[in-house]
Amino acid sequence: MNKAAGARPVKLVPIGNSRGIRLPKDLLQKFGWGDSLILKEMGEGIFLYSEDKNKLSWKETYRAMAAESEDWSDLDAVIADGLD
């Protein structure tokens, strides 16, 4: 198993005919996870995340983009290159 940052062993526990894991309290608090998560199957495992925490409002998105101070001076040249 990879020794990735923050990796820790967890036990699978019986839940009816299925199995589940118990998530440590500190992780629940760190990521602000509530009663449900999104589970995404990946190539080497699964990815858990909260749908609420990963969506920015349009206002939050605009603020985040404005804070980046990106240089858009070449945008006109890119738009005029004729590629769609």
# chains A, B, ... in the order shown; residues from 1 in each chain; ligands from 1

call {"tool": "select_by_dssp", "arguments": {"residues": "range 4-76 of chain A", "states": "alpha helix (DSSP H)", "output": "ChimeraX atom specification"}}
result
/A:25-31,58-67,75-76

call {"tool": "write_last_selection", "arguments": {"atoms": "N, CA, C and O atoms", "output": "compact mmCIF listing (two decimals), in the first residue's frame"}}
result
# COMPACT_ATOMS: atom_id res chain seq x y z
N LYS A 25 -13.37 11.12 13.70
CA LYS A 25 -14.01 12.40 13.99
C LYS A 25 -13.19 13.57 13.47
O LYS A 25 -13.73 14.53 12.93
N ASP A 26 -11.85 13.49 13.60
CA ASP A 26 -11.02 14.61 13.16
C ASP A 26 -11.13 14.84 11.65
O ASP A 26 -11.09 15.98 11.17
N LEU A 27 -11.30 13.76 10.87
CA LEU A 27 -11.49 13.93 9.42
C LEU A 27 -12.84 14.55 9.10
O LEU A 27 -12.95 15.40 8.22
N LEU A 28 -13.86 14.11 9.80
CA LEU A 28 -15.20 14.67 9.58
C LEU A 28 -15.20 16.17 9.85
O LEU A 28 -15.77 16.95 9.08
N GLN A 29 -14.54 16.57 10.92
CA GLN A 29 -14.47 17.99 11.26
C GLN A 29 -13.59 18.76 10.28
O GLN A 29 -13.94 19.86 9.86
N LYS A 30 -12.45 18.18 9.92
CA LYS A 30 -11.50 18.85 9.02
C LYS A 30 -12.15 19.21 7.69
O LYS A 30 -11.96 20.30 7.17
N PHE A 31 -12.93 18.27 7.13
CA PHE A 31 -13.53 18.49 5.83
C PHE A 31 -14.97 18.98 5.90
O PHE A 31 -15.61 19.23 4.88
N TRP A 58 -21.60 31.61 -7.94
CA TRP A 58 -21.03 32.47 -8.98
C TRP A 58 -20.25 33.61 -8.34
O TRP A 58 -19.19 33.99 -8.84
N LYS A 59 -20.75 34.13 -7.25
CA LYS A 59 -20.07 35.22 -6.56
C LYS A 59 -18.70 34.76 -6.02
O LYS A 59 -17.70 35.45 -6.17
N GLU A 60 -18.67 33.57 -5.40
CA GLU A 60 -17.41 33.02 -4.88
C GLU A 60 -16.43 32.72 -6.02
O GLU A 60 -15.23 32.95 -5.89
N THR A 61 -16.97 32.22 -7.14
CA THR A 61 -16.13 31.92 -8.29
C THR A 61 -15.50 33.20 -8.84
O THR A 61 -14.31 33.25 -9.13
N TYR A 62 -16.30 34.26 -8.96
CA TYR A 62 -15.79 35.54 -9.46
C TYR A 62 -14.69 36.08 -8.53
O TYR A 62 -13.63 36.51 -8.98
N ARG A 63 -14.94 36.01 -7.23
CA ARG A 63 -13.93 36.48 -6.27
C ARG A 63 -12.63 35.69 -6.37
O ARG A 63 -11.54 36.24 -6.32
N ALA A 64 -12.75 34.37 -6.50
CA ALA A 64 -11.56 33.51 -6.61
C ALA A 64 -10.78 33.83 -7.88
O ALA A 64 -9.55 33.89 -7.87
N MET A 65 -11.50 34.05 -8.98
CA MET A 65 -10.84 34.38 -10.24
C MET A 65 -10.18 35.75 -10.16
O MET A 65 -9.05 35.93 -10.65
N ALA A 66 -10.85 36.71 -9.56
CA ALA A 66 -10.29 38.06 -9.44
C ALA A 66 -9.04 38.07 -8.56
O ALA A 66 -8.09 38.82 -8.82
N ALA A 67 -9.01 37.21 -7.56
CA ALA A 67 -7.87 37.15 -6.65
C ALA A 67 -6.63 36.58 -7.32
O ALA A 67 -5.51 36.81 -6.86
N LEU A 75 -5.93 37.61 -24.70
CA LEU A 75 -7.21 36.98 -25.00
C LEU A 75 -7.70 37.32 -26.40
O LEU A 75 -8.17 36.45 -27.13
N ASP A 76 -7.60 38.59 -26.79
CA ASP A 76 -8.07 38.99 -28.11
C ASP A 76 -7.34 38.24 -29.23
O ASP A 76 -7.94 37.84 -30.22

call {"tool": "select_by_dssp", "arguments": {"residues": "range 16-84 of chain A", "states": "strand (DSSP E or B)", "output": "MDAnalysis selection string"}}
result
chainID A and resid 18:21 38:41 46:49

call {"tool": "write_last_selection", "arguments": {"atoms": "all heavy atoms", "output": "CSV table (one decimal), in the first residue's frame"}}
result
chain,number,residue,atom,x,y,z
A,18,SER,N,-23.9,-5.6,3.8
A,18,SER,CA,-22.8,-4.8,3.2
A,18,SER,C,-21.7,-4.6,4.2
A,18,SER,O,-21.7,-5.2,5.3
A,18,SER,CB,-23.3,-3.4,2.8
A,18,SER,OG,-24.3,-3.6,1.8
A,19,ARG,N,-20.7,-3.8,3.9
A,19,ARG,CA,-19.6,-3.4,4.8
A,19,ARG,C,-19.4,-1.9,4.6
A,19,ARG,O,-19.7,-1.3,3.6
A,19,ARG,CB,-18.4,-4.2,4.4
A,19,ARG,CG,-18.5,-5.7,4.7
A,19,ARG,CD,-17.2,-6.3,4.8
A,19,ARG,NE,-17.3,-7.4,5.8
A,19,ARG,CZ,-16.3,-7.7,6.5
A,19,ARG,NH1,-15.1,-7.1,6.4
A,19,ARG,NH2,-16.4,-8.7,7.3
A,20,GLY,N,-18.9,-1.3,5.7
A,20,GLY,CA,-18.7,0.1,5.7
A,20,GLY,C,-17.4,0.4,6.5
A,20,GLY,O,-16.8,-0.5,7.0
A,21,ILE,N,-17.1,1.7,6.5
A,21,ILE,CA,-15.9,2.1,7.3
A,21,ILE,C,-16.4,3.2,8.3
A,21,ILE,O,-17.3,3.9,8.0
A,21,ILE,CB,-14.8,2.7,6.4
A,21,ILE,CG1,-15.2,3.9,5.6
A,21,ILE,CG2,-14.2,1.6,5.5
A,21,ILE,CD1,-14.1,4.6,4.9
A,38,ILE,N,-20.3,12.1,-1.5
A,38,ILE,CA,-20.3,11.6,-2.9
A,38,ILE,C,-19.1,10.6,-2.9
A,38,ILE,O,-18.0,10.9,-2.5
A,38,ILE,CB,-20.1,12.7,-3.9
A,38,ILE,CG1,-21.1,13.8,-3.8
A,38,ILE,CG2,-20.1,12.1,-5.3
A,38,ILE,CD1,-22.6,13.4,-4.0
A,39,LEU,N,-19.4,9.4,-3.5
A,39,LEU,CA,-18.3,8.4,-3.6
A,39,LEU,C,-18.1,8.3,-5.1
A,39,LEU,O,-19.0,8.0,-5.9
A,39,LEU,CB,-18.8,7.0,-3.1
A,39,LEU,CG,-17.8,5.9,-3.2
A,39,LEU,CD1,-17.9,5.0,-1.9
A,39,LEU,CD2,-17.9,5.1,-4.4
A,40,LYS,N,-16.8,8.5,-5.6
A,40,LYS,CA,-16.5,8.4,-7.0
A,40,LYS,C,-15.4,7.3,-7.1
A,40,LYS,O,-14.4,7.3,-6.4
A,40,LYS,CB,-15.9,9.7,-7.4
A,40,LYS,CG,-15.5,9.8,-8.9
A,40,LYS,CD,-15.1,11.2,-9.3
A,40,LYS,CE,-14.8,11.2,-10.8
A,40,LYS,NZ,-14.4,12.5,-11.3
A,41,GLU,N,-15.7,6.4,-8.0
A,41,GLU,CA,-14.8,5.3,-8.3
A,41,GLU,C,-13.7,5.8,-9.2
A,41,GLU,O,-13.9,6.5,-10.2
A,41,GLU,CB,-15.5,4.1,-9.0
A,41,GLU,CG,-16.5,3.4,-8.2
A,41,GLU,CD,-17.1,2.2,-8.9
A,41,GLU,OE1,-16.4,1.5,-9.6
A,41,GLU,OE2,-18.3,2.1,-8.8
A,46,ILE,N,-11.2,4.7,-4.4
A,46,ILE,CA,-12.4,5.6,-4.4
A,46,ILE,C,-12.0,7.0,-3.9
A,46,ILE,O,-11.0,7.1,-3.2
A,46,ILE,CB,-13.5,5.0,-3.5
A,46,ILE,CG1,-13.0,4.8,-2.1
A,46,ILE,CG2,-14.0,3.7,-4.1
A,46,ILE,CD1,-14.1,4.4,-1.1
A,47,PHE,N,-12.8,7.9,-4.2
A,47,PHE,CA,-12.6,9.3,-3.8
A,47,PHE,C,-13.9,9.7,-3.1
A,47,PHE,O,-15.0,9.6,-3.7
A,47,PHE,CB,-12.3,10.2,-5.0
A,47,PHE,CG,-12.2,11.6,-4.7
A,47,PHE,CD1,-11.1,12.1,-3.9
A,47,PHE,CD2,-13.0,12.6,-5.3
A,47,PHE,CE1,-11.0,13.4,-3.6
A,47,PHE,CE2,-12.8,13.9,-5.0
A,47,PHE,CZ,-11.8,14.4,-4.2
A,48,LEU,N,-13.9,10.2,-1.8
A,48,LEU,CA,-15.0,10.7,-1.1
A,48,LEU,C,-15.0,12.2,-1.0
A,48,LEU,O,-13.9,12.8,-0.7
A,48,LEU,CB,-15.0,10.1,0.3
A,48,LEU,CG,-15.1,8.6,0.4
A,48,LEU,CD1,-15.0,8.2,1.9
A,48,LEU,CD2,-16.5,8.1,-0.1
A,49,TYR,N,-16.1,12.8,-1.2
A,49,TYR,CA,-16.2,14.3,-1.1
A,49,TYR,C,-17.6,14.7,-0.8
A,49,TYR,O,-18.5,14.0,-1.1
A,49,TYR,CB,-15.6,15.0,-2.3
A,49,TYR,CG,-16.3,14.8,-3.6
A,49,TYR,CD1,-17.3,15.7,-4.1
A,49,TYR,CD2,-16.0,13.7,-4.4
A,49,TYR,CE1,-17.9,15.5,-5.2
A,49,TYR,CE2,-16.7,13.4,-5.6
A,49,TYR,CZ,-17.6,14.3,-6.0
A,49,TYR,OH,-18.3,14.1,-7.2

call {"tool": "atom_distance", "arguments": {"atom1": "CA of Asp35 in chain A", "atom2": "CA of Glu51 in chain A"}}
result
11.4 Å
